[in-house]
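Have a look at protein_6.cif below; it lists mmCIF, C-alpha atoms.
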```cif
data_protein
#
loop_
_atom_site.label_atom_id
_atom_site.label_comp_id
_atom_site.auth_asym_id
_atom_site.auth_seq_id
_atom_site.Cartn_x
_atom_site.Cartn_y
_atom_site.Cartn_z
CA MET P 107 -31.67 10.39 -36.17
CA THR P 108 -35.13 9.76 -37.52
CA GLY P 109 -38.21 11.59 -38.64
CA GLY P 110 -38.44 14.80 -40.66
CA LYS P 111 -39.65 15.37 -44.18
CA ARG P 112 -38.59 13.04 -46.90
CA GLN P 113 -36.46 14.57 -49.60
CA LYS P 114 -37.94 15.11 -53.04
CA ILE P 115 -35.37 14.38 -55.72
CA ARG P 116 -35.86 15.48 -59.30
CA PHE P 117 -33.76 13.88 -62.01
CA GLN P 118 -33.10 16.37 -64.76
CA ARG P 119 -31.01 15.75 -67.85
CA PRO P 120 -29.30 18.72 -69.43
CA ALA P 121 -30.65 19.80 -72.80
CA GLY P 122 -28.90 17.88 -75.55
CA ALA P 123 -27.34 15.40 -73.18
CA GLY P 124 -29.35 12.44 -74.43
CA ASP P 125 -28.61 9.39 -72.30
CA ARG P 126 -25.11 10.50 -71.38
CA ALA P 127 -26.26 11.81 -68.01
CA PHE P 128 -27.23 8.22 -67.11
CA PRO P 129 -25.02 5.86 -69.15
CA PRO P 130 -26.02 2.20 -69.35
CA GLN P 131 -24.82 0.13 -66.45
CA GLY P 132 -21.56 -1.58 -67.29
CA GLU P 133 -20.80 0.60 -70.32
CA ALA P 134 -17.03 0.23 -70.74
CA GLY P 135 -15.11 3.38 -69.93
CA ALA P 136 -18.23 5.50 -69.61
CA TYR P 137 -17.14 7.14 -66.39
CA ALA P 138 -13.45 7.55 -67.18
CA ASP P 139 -13.98 8.93 -70.68
CA VAL P 140 -13.08 12.59 -71.17
CA ARG P 141 -15.06 14.26 -73.93
CA PRO P 142 -15.87 17.70 -75.35
CA ALA P 143 -18.27 19.67 -73.16
CA LEU P 144 -21.55 20.91 -74.58
CA LEU P 145 -21.31 24.70 -74.93
CA PRO P 146 -24.04 27.33 -75.32
CA GLY P 147 -24.26 29.07 -78.66
CA ARG P 148 -22.76 32.30 -77.37
CA LEU P 149 -19.46 30.47 -76.78
CA GLU P 150 -19.04 29.44 -80.42
CA GLY P 151 -15.38 28.97 -81.19
CA LEU P 152 -14.43 28.07 -77.62
CA ARG P 153 -13.93 24.57 -76.25
CA ALA P 154 -13.61 22.64 -73.01
CA LEU P 155 -13.35 19.03 -71.97
CA THR P 156 -15.41 17.30 -69.33
CA LYS P 157 -16.29 13.98 -67.77
CA PRO P 158 -18.63 12.69 -65.08
CA GLY P 159 -17.77 14.37 -61.79
CA VAL P 160 -16.87 17.75 -63.31
CA ARG P 161 -19.21 20.63 -62.40
CA GLY P 162 -21.77 21.21 -65.15
CA TRP P 163 -21.19 17.87 -66.90
CA PRO P 164 -22.01 17.17 -69.75
CA GLU P 165 -22.21 20.91 -70.33
CA VAL P 166 -19.96 23.57 -68.83
CA ASP P 167 -20.91 25.18 -65.53
CA ALA P 168 -23.37 28.01 -66.26
CA ALA P 169 -21.46 30.59 -64.22
CA GLN P 170 -18.21 29.65 -65.92
CA ALA P 171 -19.90 29.94 -69.32
CA LEU P 172 -20.96 33.52 -68.55
CA LEU P 173 -17.48 34.23 -67.17
CA ALA P 174 -15.86 33.12 -70.45
CA TRP P 175 -18.33 35.20 -72.45
CA ALA P 176 -17.63 38.32 -70.37
CA MET P 177 -13.86 37.87 -70.55
CA ARG P 178 -13.96 37.36 -74.31
CA LYS P 179 -16.15 40.44 -74.70
CA GLY P 180 -13.66 42.37 -72.55
CA ARG P 181 -10.78 41.18 -74.76
CA VAL P 182 -8.82 39.72 -71.85
CA ARG P 183 -5.34 38.64 -72.96
CA GLY P 184 -2.14 37.28 -71.45
CA ASP P 185 -1.64 35.11 -68.38
CA VAL P 186 -4.86 34.26 -66.54
CA LEU P 187 -4.87 32.40 -63.23
CA ASP P 188 -8.06 30.33 -63.13
CA LEU P 189 -8.66 29.13 -59.57
CA THR P 190 -11.65 27.02 -60.66
CA ALA P 191 -10.50 25.77 -64.05
CA MET P 192 -12.97 22.85 -64.35
CA GLY P 193 -12.52 21.61 -67.95
CA GLY P 194 -10.23 24.40 -69.15
CA LEU P 195 -12.79 26.61 -70.91
CA LEU P 196 -10.82 29.83 -70.34
CA ALA P 197 -7.76 28.30 -72.04
CA SER P 198 -9.58 28.60 -75.37
CA LEU P 199 -10.06 32.38 -75.09
CA PRO P 200 -8.03 34.12 -77.81
CA GLY P 201 -4.66 35.34 -76.54
CA VAL P 202 -5.01 33.76 -73.08
CA THR P 203 -2.34 31.60 -71.48
CA LEU P 204 -4.08 29.69 -68.70
CA ARG P 205 -2.67 28.86 -65.30
CA ALA P 206 -5.12 26.12 -64.33
CA VAL P 207 -5.89 25.32 -60.68
CA GLU P 208 -8.39 22.73 -59.43
CA GLY P 209 -9.21 20.74 -56.32
CA SER P 210 -11.47 18.24 -58.12
CA ALA P 211 -9.82 15.00 -59.25
CA PRO P 212 -12.28 14.53 -62.17
CA ALA P 213 -11.61 18.11 -63.33
CA LEU P 214 -7.85 17.58 -63.04
CA ALA P 215 -8.21 14.54 -65.32
CA ALA P 216 -10.09 16.66 -67.87
CA LEU P 217 -7.49 19.44 -67.70
CA ARG P 218 -4.63 17.02 -68.27
CA ALA P 219 -6.48 15.50 -71.21
CA ALA P 220 -6.76 19.02 -72.63
CA GLY P 221 -2.98 19.31 -72.64
CA LEU P 222 -2.81 21.66 -69.66
CA ASP P 223 -0.56 21.21 -66.62
CA PRO P 224 -2.90 21.97 -63.72
CA VAL P 225 -2.05 22.51 -60.07
CA ALA P 226 -4.10 20.61 -57.49
CA ALA P 227 -4.90 23.19 -54.80
CA VAL P 228 -7.62 24.48 -52.48
CA PRO P 229 -8.47 27.91 -51.04
CA GLY P 230 -5.54 29.23 -49.03
CA ASP P 231 -2.79 27.34 -50.84
CA ASN P 232 0.27 29.38 -51.85
CA LEU P 233 0.76 29.17 -55.61
CA ARG P 234 3.93 31.26 -55.73
CA GLU P 235 6.19 28.20 -55.87
CA ARG P 236 4.63 27.26 -59.21
CA TRP P 237 4.18 30.82 -60.45
CA PRO P 238 6.56 33.20 -58.62
CA GLU P 239 5.15 36.22 -60.46
CA ARG P 240 1.43 36.66 -59.94
CA ALA P 241 -0.81 36.89 -63.01
CA LYS P 242 -2.44 40.29 -63.48
CA THR P 243 -5.77 38.61 -64.25
CA VAL P 244 -7.44 36.08 -61.94
CA ALA P 245 -10.71 34.20 -62.55
CA LEU P 246 -12.90 32.42 -60.03
CA VAL P 247 -16.33 30.76 -60.00
CA LEU P 248 -17.91 30.97 -56.56
CA ALA P 249 -19.09 27.64 -55.17
CA GLY P 250 -21.93 29.07 -53.12
CA ASP P 251 -23.51 25.62 -52.97
CA ARG P 252 -20.59 24.58 -50.73
CA GLY P 253 -21.55 27.06 -48.02
CA ASN P 254 -20.73 30.52 -46.80
CA ALA P 255 -17.34 29.65 -45.25
CA TYR P 256 -16.05 28.05 -48.44
CA ALA P 257 -17.13 30.94 -50.68
CA LEU P 258 -15.49 33.44 -48.32
CA ALA P 259 -12.35 31.30 -48.35
CA GLN P 260 -12.44 31.47 -52.15
CA VAL P 261 -12.68 35.27 -52.01
CA ALA P 262 -9.74 35.52 -49.59
CA TRP P 263 -7.68 33.18 -51.80
CA ALA P 264 -8.46 35.20 -54.92
CA HIS P 265 -7.37 38.35 -53.10
CA ALA P 266 -4.07 36.77 -52.06
CA CYS P 267 -3.46 35.62 -55.64
CA THR P 268 -4.24 38.99 -57.29
CA PRO P 269 -1.45 41.61 -57.26
CA PRO P 270 -2.29 45.25 -56.43
CA GLY P 271 -3.66 46.77 -59.62
CA GLY P 272 -4.61 43.31 -60.90
CA THR P 273 -8.11 42.29 -61.94
CA LEU P 274 -10.38 39.57 -60.58
CA TYR P 275 -13.26 38.23 -62.66
CA LEU P 276 -15.70 36.70 -60.18
CA ALA P 277 -18.66 34.60 -61.33
CA GLY P 278 -21.51 33.08 -59.37
CA ASP P 279 -25.16 32.29 -58.93
CA ARG P 280 -27.49 34.96 -57.59
CA ASP P 281 -29.45 32.28 -55.74
CA LYS P 282 -26.27 30.93 -54.09
CA GLY P 283 -25.08 34.12 -52.40
CA TYR P 284 -23.38 35.94 -55.28
CA ASP P 285 -24.40 39.41 -54.08
CA ARG P 286 -23.15 38.71 -50.55
CA TYR P 287 -19.80 37.38 -51.74
CA VAL P 288 -19.25 40.19 -54.23
CA ARG P 289 -19.80 42.69 -51.42
CA ALA P 290 -17.18 40.85 -49.36
CA ALA P 291 -14.81 40.87 -52.32
CA GLY P 292 -15.48 44.56 -52.90
CA THR P 293 -14.55 45.35 -49.30
CA ALA P 294 -11.20 43.64 -49.78
CA PHE P 295 -10.47 44.73 -53.36
CA GLY P 296 -11.78 48.29 -53.06
CA THR P 297 -13.54 48.66 -56.38
CA GLY P 298 -15.64 46.61 -58.76
CA GLU P 299 -18.96 46.15 -60.51
CA THR P 300 -21.17 43.46 -62.01
CA ILE P 301 -20.53 43.43 -65.75
CA ALA P 302 -22.62 40.48 -67.01
CA ARG P 303 -25.96 38.88 -66.19
CA ASP P 304 -27.72 35.87 -67.65
CA GLU P 305 -30.78 34.57 -65.83
CA GLY P 306 -29.42 33.79 -62.34
CA MET P 307 -25.74 33.92 -63.25
CA ARG P 308 -23.59 37.01 -62.64
CA VAL P 309 -20.00 38.14 -63.34
CA ALA P 310 -18.19 40.96 -61.52
CA ARG P 311 -14.93 42.67 -62.40
CA LEU P 312 -12.86 43.95 -59.45
CA VAL P 313 -9.52 45.76 -59.38
CA ARG P 314 -7.37 45.17 -56.31
CA ARG P 315 -6.05 48.04 -54.23
CA PRO P 316 -3.13 47.47 -51.81
CA GLY P 317 -4.27 46.08 -48.48
CA PRO P 318 -4.40 43.02 -46.25
CA THR P 319 -5.95 39.76 -47.39
CA PRO P 320 -9.01 38.63 -45.39
CA ALA P 321 -8.41 35.75 -43.01
CA LEU P 322 -9.51 32.27 -44.01
CA PRO P 323 -12.45 30.83 -42.02
CA ASP P 324 -11.53 28.39 -39.28
CA PRO P 325 -12.40 24.69 -39.60
CA GLU P 326 -15.42 23.40 -37.70
CA ARG P 327 -15.13 20.73 -35.03
CA TYR P 328 -17.58 18.27 -33.56
CA GLU P 329 -17.69 14.81 -32.03
CA ALA P 330 -19.86 11.95 -33.29
CA PHE P 331 -19.77 8.16 -32.88
CA GLY P 332 -16.67 8.51 -30.72
CA VAL P 333 -14.75 10.43 -33.39
CA ARG P 334 -13.53 14.04 -33.16
CA VAL P 335 -14.16 15.47 -36.61
CA ILE P 336 -12.28 18.35 -38.27
CA GLY P 337 -14.51 19.88 -40.94
CA LEU P 338 -12.73 22.23 -43.35
CA PRO P 339 -14.82 24.89 -45.15
CA GLY P 340 -16.83 23.47 -48.03
CA VAL P 341 -16.53 19.82 -47.05
CA PHE P 342 -19.79 17.88 -46.91
CA SER P 343 -21.17 17.86 -43.34
CA ALA P 344 -18.28 19.97 -42.07
CA GLY P 345 -20.27 21.15 -39.04
CA ARG P 346 -22.21 18.06 -38.00
CA PRO P 347 -22.82 14.48 -39.16
CA ASP P 348 -25.40 14.30 -41.93
CA LYS P 349 -28.47 12.19 -41.33
CA ALA P 350 -27.56 9.55 -43.93
CA THR P 351 -24.11 8.92 -42.46
CA ALA P 352 -25.58 8.69 -38.96
CA ILE P 353 -28.09 6.09 -40.17
CA LEU P 354 -25.32 4.15 -41.92
CA LEU P 355 -23.11 4.03 -38.84
CA GLY P 356 -26.08 3.21 -36.65
CA ALA P 357 -26.84 0.21 -38.86
CA LEU P 358 -23.24 -1.04 -38.63
CA GLY P 359 -22.99 -1.20 -34.86
CA GLY P 360 -22.54 -4.99 -34.82
CA LEU P 361 -20.10 -5.21 -37.74
CA ASP P 362 -16.74 -6.76 -36.79
CA LEU P 363 -14.02 -4.73 -38.52
CA ALA P 364 -11.00 -5.78 -36.46
CA GLY P 365 -8.12 -6.56 -38.81
CA LYS P 366 -10.24 -5.91 -41.91
CA ARG P 367 -9.07 -3.78 -44.83
CA VAL P 368 -11.73 -1.09 -45.14
CA LEU P 369 -12.22 1.53 -47.86
CA ASP P 370 -14.14 4.72 -47.04
CA LEU P 371 -15.11 5.76 -50.57
CA GLY P 372 -16.06 9.44 -50.83
CA CYS P 373 -14.77 10.09 -47.33
CA GLY P 374 -15.65 13.79 -46.85
CA THR P 375 -14.58 14.75 -43.33
CA GLY P 376 -13.39 11.20 -42.70
CA LEU P 377 -16.01 10.31 -40.08
CA ILE P 378 -16.81 6.88 -41.52
CA GLY P 379 -13.19 5.90 -42.09
CA ALA P 380 -12.08 7.16 -38.68
CA TRP P 381 -14.94 5.25 -37.04
CA ALA P 382 -13.80 2.08 -38.81
CA ALA P 383 -10.18 2.70 -37.76
CA SER P 384 -11.31 3.13 -34.15
CA ARG P 385 -12.81 -0.37 -34.37
CA GLY P 386 -9.52 -1.94 -35.45
CA ALA P 387 -9.79 -1.72 -39.22
CA GLU P 388 -6.90 -0.95 -41.56
CA VAL P 389 -8.41 1.98 -43.40
CA THR P 390 -7.99 3.79 -46.71
CA LEU P 391 -10.00 6.97 -47.21
CA VAL P 392 -10.59 8.34 -50.71
CA ASP P 393 -12.23 11.48 -52.08
CA GLY P 394 -12.19 13.31 -55.39
CA ASP P 395 -12.26 16.66 -53.58
CA LEU P 396 -8.87 17.80 -52.29
CA GLN P 397 -10.40 19.88 -49.50
CA SER P 398 -12.18 16.74 -48.26
CA VAL P 399 -8.95 14.73 -48.40
CA ARG P 400 -7.25 17.28 -46.16
CA SER P 401 -10.23 17.35 -43.81
CA ALA P 402 -10.20 13.55 -43.51
CA ALA P 403 -6.45 13.51 -42.88
CA ALA P 404 -6.93 16.11 -40.13
CA THR P 405 -9.70 13.99 -38.58
CA LEU P 406 -7.48 10.91 -38.46
CA ALA P 407 -4.65 12.96 -36.95
CA GLU P 408 -6.96 14.57 -34.37
CA ASN P 409 -7.91 11.10 -33.12
CA GLY P 410 -4.43 9.60 -33.33
CA LEU P 411 -5.71 6.97 -35.76
CA PRO P 412 -3.66 5.28 -38.50
CA GLY P 413 -4.83 5.27 -42.10
CA GLU P 414 -4.06 6.57 -45.55
CA VAL P 415 -6.04 9.32 -47.29
CA ILE P 416 -5.86 9.54 -51.10
CA HIS P 417 -7.02 12.19 -53.55
CA SER P 418 -8.57 10.15 -56.34
CA ASP P 419 -11.30 10.20 -58.98
CA VAL P 420 -13.18 7.28 -57.40
CA ASP P 421 -10.58 4.46 -57.36
CA ALA P 422 -8.29 5.71 -60.14
CA GLU P 423 -5.33 6.28 -57.78
CA LEU P 424 -5.69 3.13 -55.69
CA GLY P 425 -3.26 1.00 -57.63
CA GLU P 426 -3.58 -2.69 -56.75
CA ARG P 427 -5.29 -2.17 -53.38
CA THR P 428 -8.17 -4.49 -52.52
CA PHE P 429 -10.48 -4.49 -49.51
CA ASP P 430 -12.66 -6.66 -47.33
CA VAL P 431 -15.24 -3.93 -46.73
CA VAL P 432 -16.25 -0.80 -48.66
CA LEU P 433 -18.32 1.79 -46.77
CA THR P 434 -19.83 4.77 -48.56
CA ASN P 435 -22.38 7.54 -48.54
CA PRO P 436 -22.06 8.18 -52.29
CA PRO P 437 -22.63 11.65 -53.72
CA PHE P 438 -25.38 12.20 -56.23
CA HIS P 439 -24.88 15.94 -56.66
CA VAL P 440 -22.15 17.62 -58.70
CA GLY P 441 -22.71 21.32 -58.10
CA ARG P 442 -26.46 21.84 -58.44
CA GLY P 443 -27.10 18.89 -60.73
CA VAL P 444 -28.38 15.44 -59.76
CA VAL P 445 -26.06 13.00 -61.51
CA LEU P 446 -25.88 9.29 -60.77
CA ASP P 447 -22.72 8.53 -62.75
CA VAL P 448 -20.41 9.08 -59.78
CA ALA P 449 -22.46 6.89 -57.44
CA ARG P 450 -22.71 4.16 -60.07
CA GLU P 451 -18.95 4.30 -60.48
CA PHE P 452 -18.62 3.92 -56.71
CA ILE P 453 -20.54 0.64 -56.97
CA ALA P 454 -18.47 -0.47 -59.97
CA ALA P 455 -15.29 0.39 -58.04
CA ALA P 456 -16.45 -1.76 -55.16
CA GLY P 457 -16.82 -4.62 -57.63
CA ARG P 458 -13.24 -4.09 -58.75
CA ARG P 459 -11.78 -3.62 -55.27
CA LEU P 460 -13.63 -6.07 -53.01
CA ASN P 461 -12.00 -9.35 -52.17
CA PRO P 462 -14.13 -12.47 -52.73
CA GLY P 463 -16.75 -12.57 -50.00
CA GLY P 464 -16.18 -8.87 -49.31
CA THR P 465 -19.00 -6.50 -48.44
CA LEU P 466 -20.16 -3.13 -49.74
CA VAL P 467 -22.45 -1.12 -47.48
CA LEU P 468 -23.93 2.14 -48.72
CA VAL P 469 -26.60 4.59 -47.63
CA ALA P 470 -28.83 6.42 -50.07
CA ASN P 471 -32.00 8.44 -50.37
CA GLU P 472 -34.94 6.06 -50.73
CA PRO P 473 -35.79 6.96 -54.37
CA LEU P 474 -32.27 6.43 -55.74
CA PRO P 475 -32.17 3.28 -57.90
CA TYR P 476 -29.00 1.61 -56.65
CA GLU P 477 -30.41 -1.91 -56.24
CA PRO P 478 -29.94 -3.02 -59.90
CA PRO P 479 -26.19 -2.24 -60.08
CA LEU P 480 -25.75 -3.69 -56.58
CA ARG P 481 -27.34 -6.98 -57.68
CA ALA P 482 -24.69 -7.23 -60.39
CA LEU P 483 -22.13 -7.26 -57.56
CA GLY P 484 -23.80 -9.91 -55.40
CA GLU P 485 -26.60 -10.67 -52.97
CA VAL P 486 -28.30 -7.49 -51.74
CA ARG P 487 -29.82 -6.94 -48.29
CA GLU P 488 -31.54 -3.90 -46.85
CA LEU P 489 -30.10 -3.25 -43.39
CA ALA P 490 -32.16 -0.20 -42.45
CA ARG P 491 -34.78 2.22 -43.77
CA GLU P 492 -35.62 5.39 -41.87
CA GLY P 493 -35.98 9.12 -42.27
CA GLY P 494 -36.13 8.89 -46.07
CA PHE P 495 -32.91 6.86 -46.34
CA LYS P 496 -32.01 3.20 -46.85
CA VAL P 497 -28.88 1.25 -45.98
CA LEU P 498 -28.03 -1.45 -48.51
CA GLN P 499 -25.47 -4.23 -48.29
CA ALA P 500 -24.09 -6.24 -51.19
CA THR P 501 -21.74 -9.21 -50.72
CA ARG P 502 -19.40 -10.18 -53.52
CA ALA P 503 -19.53 -13.83 -54.46
CA GLY P 504 -16.60 -15.87 -53.19
#
```
Before anything else, please render the file you have as structure tokens.
Amino acid sequence: MTGGKRQKIRFQRPAGAGDRAFPPQGEAGAYADVRPALLPGRLEGLRALTKPGVRGWPEVDAAQALLAWAMRKGRVRGDVLDLTAMGGLLASLPGVTLRAVEGSAPALAALRAAGLDPVAAVPGDNLRERWPERAKTVALVLAGDRGNAYALAQVAWAHACTPPGGTLYLAGDRDKGYDRYVRAAGTAFGTGETIARDEGMRVARLVRRPGPTPALPDPERYEAFGVRVIGLPGVFSAGRPDKATAILLGALGGLDLAGKRVLDLGCGTGLIGAWAASRGAEVTLVDGDLQSVRSAAATLAENGLPGEVIHSDVDAELGERTFDVVLTNPPFHVGRGVVLDVAREFIAAAGRRLNPGGTLVLVANEPLPYEPPLRALGEVRELAREGGFKVLQATRAG
């Protein structure tokens, strides 16, 4: 898969973030640290925690900020089910008892640090076991950047979680399909209106009438590199292999993985890990996104391949596991922001997890400056460069 326009990547630090958006390489605990989020002035008196990997970091997500403002202005009180709790901002609203739900491992770490007891869940999960009586108020930030199917799955989930007569506060980005998704929500809920606007962000308030919940979108399916992939809504490259992953796997055609312990770090749909398993590797697949973990597990099952899939903030849940090979197409976006902390932590994790003489192979956009942290791991080679991407290999000293 070659050719096409090269991607232009702009690195933008949030106002007031200083150097925290790009912490010095090797700074102890920089990635794992949970800290207070930077809040806009209109949220004075509220608080949230955050860390690298949480949407909006080091600030709060802009749509969630407007959501909190609108709910405070509306004097919302009592139990609130927050299906996208991020760093727990809504828990600081006066009189609110938050039921926090998240699918992001970094966000779950922030919520626990805030003293909350979050539920790890994704659109479609039944929350009645944890909370048998549904909250009368539900909050949700649309992740339009994750695609139409995922946002519609969020809307269906919110509908299932809201009792008849209950209220949904729905926030999103006008440029990421907010109007379309609010119309879909309005069809299901029966009534509602946009109550807050700030630049591109919007918040709607909808009251649910009795009626059936919309069906969840079906997963996508495709075959690539001999693997049948199950792509759940919202998972990166759910419908087809992305160019970078294709270039990575193309560059690894001659790699002998038989009997090797291989880590697919940031596994997404599980294509890389399943490919390695099909070549005789003993594989562990890891992702911080719970929807991706379930997609990868479904991909392994679809192909009858062995392997373990773990929901983890980088390698936090890997215990004492070590590996001979780490393969990764590391993320550099969290929501709409370009943030290198997660990718740098991927490289640091490889340093912690690779056996002596072990190999890390990653693919990245050409402009991304991964070579310096890779050199701290070991000798670096460039295996391929095409279509605006590069495949880099670093071998840990024996």
For Glu408 of chain P, the closest of P:Ala176, P:Ala500, P:Ile336, P:Leu274 counting only C-alpha atoms is P:Ile336
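In this comparison, which uses all atoms listed in the file, the residue of P:Leu338, P:Ala255, P:Val497, P:Leu466 approaching Leu355 of chain P most closely is P:Val497.
The coordinates place atom CA of Pro224 of chain P at 28.7 Å from atom CA of Arg303 of chain P.
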Please determine, counting only C-alpha atoms, which residue among P:Arg311, P:Arg334, P:Arg178, P:Lys349 has the shortest atom-to-atom distance to Glu492 of chain P. P:Lys349
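Reported to one decimal place, the separation of atom CA of Glu472 of chain P from atom CA of Lys496 of chain P is 5.6 Å.
Proximity ranking of P:Ala382, P:Val335, P:Val247, P:Val420 relative to Ala310 of chain P places P:Val247 first, based on only C-alpha atoms.
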Picked residues, the PyMOL selection byres ((chain P and resi 275-278) around 9), as an MDAnalysis selection string: chainID P and resid 168:170 172:173 176:177 243:250 261 273:274 279:285 287:288 291 300 306:312
What do you get, as a ChimeraX atom specification, if you spell out every residue that the PyMOL selection byres ((chain P and resi 503) around 9) selects here? /P:462-464,483-485,501-502,504
Output of the PyMOL selection byres ((chain P and resi 262) around 8), listed as number ranges by chain: P: 229-230, 258-261, 263-266, 291, 319-322
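Across the structure, atom CA of Trp237 of chain P and atom CA of Pro269 of chain P are spaced 12.6 Å apart.
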Using all atoms listed in the file, find the one residue out of P:Thr351, P:Ser198, P:Thr268, P:Thr465 that sits nearest to Arg315 of chain P. P:Thr268
Gly201 of chain P environment, 9 Å, all atoms listed in the file, sequence neighbours closer than 4 positions dropped, as a VMD selection string: chain P and resid 181 to 185 197
Near Gly147 of chain P, within 12 Å and counting all atoms listed in the file, which residues show up once chain neighbours fewer than 2 positions away are dropped, as a PyMOL selection string? chain P and resi 144-145+149-153+165+171-172+175
Using all atoms listed in the file, pick whichever of P:Thr375, P:Ser343, P:Asn232, P:Thr428 has the shortest atom-to-atom distance to Glu388 of chain P. P:Thr428
Pull the neighbourhood of (-8.8, 4.8, -44.9) for me: all residues within 12 Å in file coordinates, counting all atoms listed in the file, as a PyMOL selection string. chain P and resi 366-384+386-393+399+402-403+405-406+411-417+424+427+429+431-434
Find the smallest box with edges along x, y and z containing every listed atom of segment 362-378 of chain P, then add 3 Å on each side and report centre and edge lengths in Å to one decimal, as JSON.
```
{"center_x": -12.5, "center_y": 4.0, "center_z": -43.6, "size_x": 14.7, "size_y": 27.5, "size_z": 20.4}
```
May I have a table of the residues of segment 371-448 of chain P lying at most 7 Å from segment 207-220 of chain P, giving each one's closest pair of atoms and their distance in Å to one decimal, counting all atoms listed in the file, ordered by chain and ascending residue number, as a tab-separated table?
```
residue	atom	partner	partner_atom	distance
P:Gly394	CA	P:Ala211	CA	4.8
P:Asp395	CA	P:Ser210	CA	4.9
P:Leu396	CA	P:Gly209	CA	5.0
P:Gln397	CA	P:Gly209	CA	7.0
P:His417	CA	P:Ala211	CA	6.9
P:Ser418	CA	P:Ala211	CA	5.8
P:Asp419	CA	P:Ala211	CA	5.0
```
Once N, CA, C and O atoms are restored for segment 193-205 of chain P, what would the output be as a compact mmCIF listing (two decimals), in the frame of the given file?
```txt
# COMPACT_ATOMS: atom_id res chain seq x y z
N GLY P 193 -13.00 22.31 -66.75
CA GLY P 193 -12.52 21.61 -67.95
C GLY P 193 -11.66 22.45 -68.86
O GLY P 193 -11.42 22.08 -70.01
N GLY P 194 -11.17 23.61 -68.37
CA GLY P 194 -10.23 24.40 -69.15
C GLY P 194 -10.84 25.34 -70.16
O GLY P 194 -10.18 25.74 -71.12
N LEU P 195 -12.10 25.75 -69.94
CA LEU P 195 -12.79 26.61 -70.91
C LEU P 195 -12.01 27.90 -71.18
O LEU P 195 -11.88 28.34 -72.33
N LEU P 196 -11.48 28.54 -70.15
CA LEU P 196 -10.82 29.83 -70.34
C LEU P 196 -9.53 29.71 -71.14
O LEU P 196 -9.04 30.69 -71.69
N ALA P 197 -8.98 28.50 -71.24
CA ALA P 197 -7.76 28.30 -72.04
C ALA P 197 -8.02 28.53 -73.52
O ALA P 197 -7.08 28.80 -74.27
N SER P 198 -9.28 28.43 -73.94
CA SER P 198 -9.58 28.60 -75.37
C SER P 198 -9.91 30.05 -75.74
O SER P 198 -10.22 30.33 -76.89
N LEU P 199 -9.86 30.97 -74.76
CA LEU P 199 -10.06 32.38 -75.09
C LEU P 199 -8.88 32.88 -75.91
O LEU P 199 -7.72 32.58 -75.60
N PRO P 200 -9.12 33.65 -76.96
CA PRO P 200 -8.03 34.12 -77.81
C PRO P 200 -7.01 34.93 -77.01
O PRO P 200 -7.36 35.81 -76.24
N GLY P 201 -5.73 34.58 -77.17
CA GLY P 201 -4.66 35.34 -76.54
C GLY P 201 -4.43 35.05 -75.08
O GLY P 201 -3.59 35.70 -74.46
N VAL P 202 -5.14 34.07 -74.50
CA VAL P 202 -5.01 33.76 -73.08
C VAL P 202 -4.06 32.57 -72.89
O VAL P 202 -4.17 31.56 -73.58
N THR P 203 -3.15 32.72 -71.95
CA THR P 203 -2.34 31.60 -71.48
C THR P 203 -2.83 31.25 -70.08
O THR P 203 -2.74 32.06 -69.16
N LEU P 204 -3.38 30.04 -69.94
CA LEU P 204 -4.08 29.69 -68.70
C LEU P 204 -3.16 29.03 -67.69
O LEU P 204 -2.41 28.11 -68.01
N ARG P 205 -3.24 29.53 -66.46
CA ARG P 205 -2.67 28.86 -65.30
C ARG P 205 -3.83 28.16 -64.60
O ARG P 205 -4.63 28.81 -63.92
```
